[in-house]
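J.: A single structure is presented below for examination.
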Amino acid sequence: MKETFNNKSSGSILSFISNVFYSTIAFLIICGIFIACLAVYIVKINSSLPEISVIKSMSARGSIAISYAEMPGFLSKTIVCVCDPDFFSHKGLLTSSLKTNAVKLYNGEKIESGDMTLTQNLAALALNSNETVVSDPTKFINRTIRFLKENLLALKIESKIKSKDKILEIYLNNAPFGEGVSGLLQAAVVYFNKKPSDLTEAECITLTAILKTQFKLNGEKSIDSLSKEREKIIRQITESGIIDSAKAAAYSFDDLKLNSYQSRINRFNETGAMLIKM
């Protein structure tokens, strides 16, 4: 009787082990199929991304691309310091921001430009100019696909365009500098009626603040937020060593005349760089 009991126990154990083994195999097969399908889908998404040659030749609608050498060095340093301090060391993505953005994506929150690296922002701009059909951004699946595309394209940009200066050049030629203003050249003309190379440091700080706040031509609220952002930027670039405290205290800013901008935007769109006083 004892032997019969032992045989039954052994059979039960073997049956349990067998069930666990086959369940594990089935689970691994399902995981393998899922990973394979995901890999195929990612390859499909990657193949639909804009070509690097297209990105290199990008220029914001109504604006004109200028070379990195024509851009104020102080502006580049300030934008990198404020918007993406790790720009020159990362490969397009930051693990910390990816986690934050993934949580925002899951919760249905909007991922702002400030939540992304400059390369991701360039990728987003490239996708905007390349997509002919705009998907409903309120649907989770559409937002997830867009999130994947932006990250994959950011990696592609970094791997194909080896120069960080070139990436920054393309971004600044297409970046949204407030309502209706795109690209550094248009921003310099609209706000200051100058060539970018003639911008003062104070004007560069103002443009950085405009980029950060996405300045709108709607009155004093924009002016107030812009002033606060400028103060914040001055603190950041002082702490980073771009300027010293004496220079920070010496900056003065001209009042922005909101009423004149829309007419300047319209004129720029009509005549482009001819507006610049040489």
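Labels for the structure tokens follow display order: chains A, B, ..., residues from 1 in each chain, ligands from 1.
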Give the alpha helix (DSSP H) residues of segment 55-273 of chain A, as assigned by DSSP on the backbone, as a compact mmCIF listing (two decimals) with C-alpha atoms, in the first residue's frame.

T.:
```
# COMPACT_ATOMS: atom_id res chain seq x y z
CA ILE A 55 15.92 66.11 -43.14
CA LYS A 56 19.23 67.74 -44.07
CA GLY A 73 27.40 80.97 -31.07
CA PHE A 74 25.92 82.45 -27.91
CA LEU A 75 22.41 81.49 -29.03
CA SER A 76 23.45 77.89 -29.72
CA LYS A 77 25.12 77.60 -26.33
CA THR A 78 22.13 79.11 -24.56
CA ILE A 79 19.56 76.90 -26.27
CA VAL A 80 21.58 73.76 -25.58
CA CYS A 81 22.11 74.77 -21.94
CA VAL A 82 18.44 75.52 -21.37
CA CYS A 83 16.69 72.97 -23.59
CA THR A 95 16.58 57.22 -20.53
CA SER A 96 15.15 59.52 -17.87
CA SER A 97 13.01 61.50 -20.32
CA LEU A 98 11.92 58.31 -22.09
CA LYS A 99 10.52 56.97 -18.83
CA THR A 100 8.77 60.25 -18.06
CA ASN A 101 7.32 60.51 -21.55
CA ALA A 102 6.17 56.88 -21.51
CA VAL A 103 4.23 57.58 -18.32
CA LYS A 104 2.73 60.71 -19.87
CA LEU A 105 1.80 58.71 -22.95
CA TYR A 106 0.08 56.06 -20.82
CA ASN A 107 -1.79 58.68 -18.79
CA LEU A 118 16.67 68.64 -29.30
CA THR A 119 17.15 65.66 -31.61
CA GLN A 120 13.70 64.35 -30.70
CA ASN A 121 12.28 67.80 -31.34
CA LEU A 122 13.93 67.81 -34.77
CA ALA A 123 12.47 64.36 -35.41
CA ALA A 124 9.01 65.65 -34.47
CA LEU A 125 9.38 68.60 -36.85
CA ALA A 126 10.55 66.28 -39.64
CA LEU A 127 7.56 64.00 -39.12
CA ASN A 128 5.19 66.98 -39.14
CA SER A 129 6.52 68.16 -42.49
CA ASN A 130 6.60 64.66 -43.96
CA PHE A 140 -3.77 56.01 -27.65
CA ILE A 141 -2.60 53.82 -30.52
CA ASN A 142 -1.91 56.86 -32.73
CA ARG A 143 0.01 58.60 -29.97
CA THR A 144 1.99 55.44 -29.29
CA ILE A 145 2.93 55.05 -32.96
CA ARG A 146 3.93 58.71 -33.10
CA PHE A 147 6.03 58.25 -29.94
CA LEU A 148 7.82 55.28 -31.52
CA LYS A 149 8.41 57.17 -34.76
CA GLU A 150 9.90 60.19 -33.01
CA ASN A 151 12.28 58.07 -30.97
CA LEU A 152 13.32 55.86 -33.89
CA LEU A 153 13.88 58.89 -36.09
CA ALA A 154 15.92 60.61 -33.37
CA LEU A 155 18.19 57.57 -33.24
CA LYS A 156 18.40 57.52 -37.03
CA ILE A 157 19.32 61.21 -37.17
CA GLU A 158 22.08 60.78 -34.61
CA SER A 159 23.49 57.69 -36.34
CA LYS A 160 23.44 59.15 -39.85
CA LYS A 164 26.01 67.67 -33.56
CA ASP A 165 26.48 71.15 -35.03
CA LYS A 166 24.66 70.02 -38.17
CA ILE A 167 21.77 68.60 -36.15
CA LEU A 168 21.52 71.85 -34.23
CA GLU A 169 21.67 73.84 -37.47
CA ILE A 170 18.77 71.90 -39.00
CA TYR A 171 16.75 72.20 -35.81
CA LEU A 172 17.24 75.97 -35.49
CA LEU A 184 15.94 81.32 -36.76
CA LEU A 185 16.14 83.65 -39.75
CA GLN A 186 12.45 84.45 -39.66
CA ALA A 187 12.58 84.89 -35.88
CA ALA A 188 15.50 87.32 -36.07
CA VAL A 189 13.77 89.37 -38.76
CA VAL A 190 10.29 89.36 -37.23
CA TYR A 191 11.30 90.18 -33.67
CA PHE A 192 14.41 92.31 -34.20
CA GLU A 201 23.28 88.36 -26.40
CA ALA A 202 20.16 89.86 -24.83
CA GLU A 203 18.23 89.22 -28.04
CA CYS A 204 19.52 85.64 -28.11
CA ILE A 205 18.22 85.16 -24.58
CA THR A 206 14.85 86.55 -25.66
CA LEU A 207 14.68 84.13 -28.61
CA THR A 208 15.53 81.23 -26.31
CA ALA A 209 12.73 82.32 -23.98
CA ILE A 210 10.35 82.54 -26.94
CA LEU A 211 11.34 79.01 -27.98
CA LYS A 212 10.76 77.72 -24.45
CA THR A 213 7.43 79.45 -23.82
CA GLU A 220 0.48 90.98 -21.63
CA LYS A 221 0.22 87.37 -20.44
CA SER A 222 2.79 86.33 -23.03
CA ILE A 223 5.04 89.25 -22.12
CA ASP A 224 4.93 88.32 -18.43
CA SER A 225 5.72 84.65 -19.05
CA LEU A 226 8.50 85.67 -21.43
CA SER A 227 10.07 87.98 -18.83
CA LYS A 228 10.00 85.25 -16.19
CA GLU A 229 11.52 82.76 -18.61
CA ARG A 230 14.32 85.20 -19.48
CA GLU A 231 15.19 85.56 -15.80
CA LYS A 232 15.26 81.79 -15.44
CA ILE A 233 17.49 81.44 -18.51
CA ILE A 234 19.94 84.04 -17.21
CA ARG A 235 20.23 82.08 -13.95
CA GLN A 236 20.81 78.85 -15.86
CA ILE A 237 23.50 80.17 -18.17
CA THR A 238 25.19 81.93 -15.25
CA GLU A 239 25.27 78.72 -13.22
CA SER A 245 27.20 87.32 -12.66
CA ALA A 246 28.39 90.79 -13.68
CA LYS A 247 27.24 90.29 -17.26
CA ALA A 248 23.99 88.74 -16.07
CA ALA A 249 23.21 91.85 -14.06
CA ALA A 250 24.06 94.14 -16.98
CA LEU A 258 3.23 92.73 -30.10
CA ASN A 259 1.17 94.73 -32.58
CA SER A 260 3.97 94.90 -35.12
CA TYR A 261 4.72 91.18 -35.34
CA GLN A 262 1.83 89.89 -37.40
CA SER A 263 2.47 92.44 -40.13
CA ARG A 264 6.18 91.53 -40.09
CA ILE A 265 5.31 87.84 -40.35
CA ASN A 266 3.10 88.55 -43.34
CA ARG A 267 5.76 90.69 -44.99
CA PHE A 268 8.44 88.07 -44.34
CA ASN A 269 6.29 85.37 -45.90
CA GLU A 270 5.94 87.57 -48.97
CA THR A 271 9.51 88.80 -49.36
```

J.: Restricting the calculation to only C-alpha atoms, which member of A:Ile29, A:Ile42, A:Pro72, A:Ser18 is positioned closest to Lys195 of chain A?

T.: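 Counting only C-alpha atoms, the residue closest to Lys195 of chain A is A:Pro72.
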
J.: Counting only C-alpha atoms, figure out which residue out of A:Ala175, A:Ile243, A:Ala36, A:Leu49 gets nearest to Gln214 of chain A.

T.: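 Going through A:Ala175, A:Ile243, A:Ala36, A:Leu49 one by one, the smallest distance to Gln214 of chain A is for A:Ala175.
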
J.: Would you mind telling me which residue in A:Gly32, A:Pro85, A:Pro196, A:Gly108 lies nearest to Asn173 of chain A when using only C-alpha atoms?

T.: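 Once distances to Asn173 of chain A are computed over only C-alpha atoms, the minimum belongs to A:Pro196.
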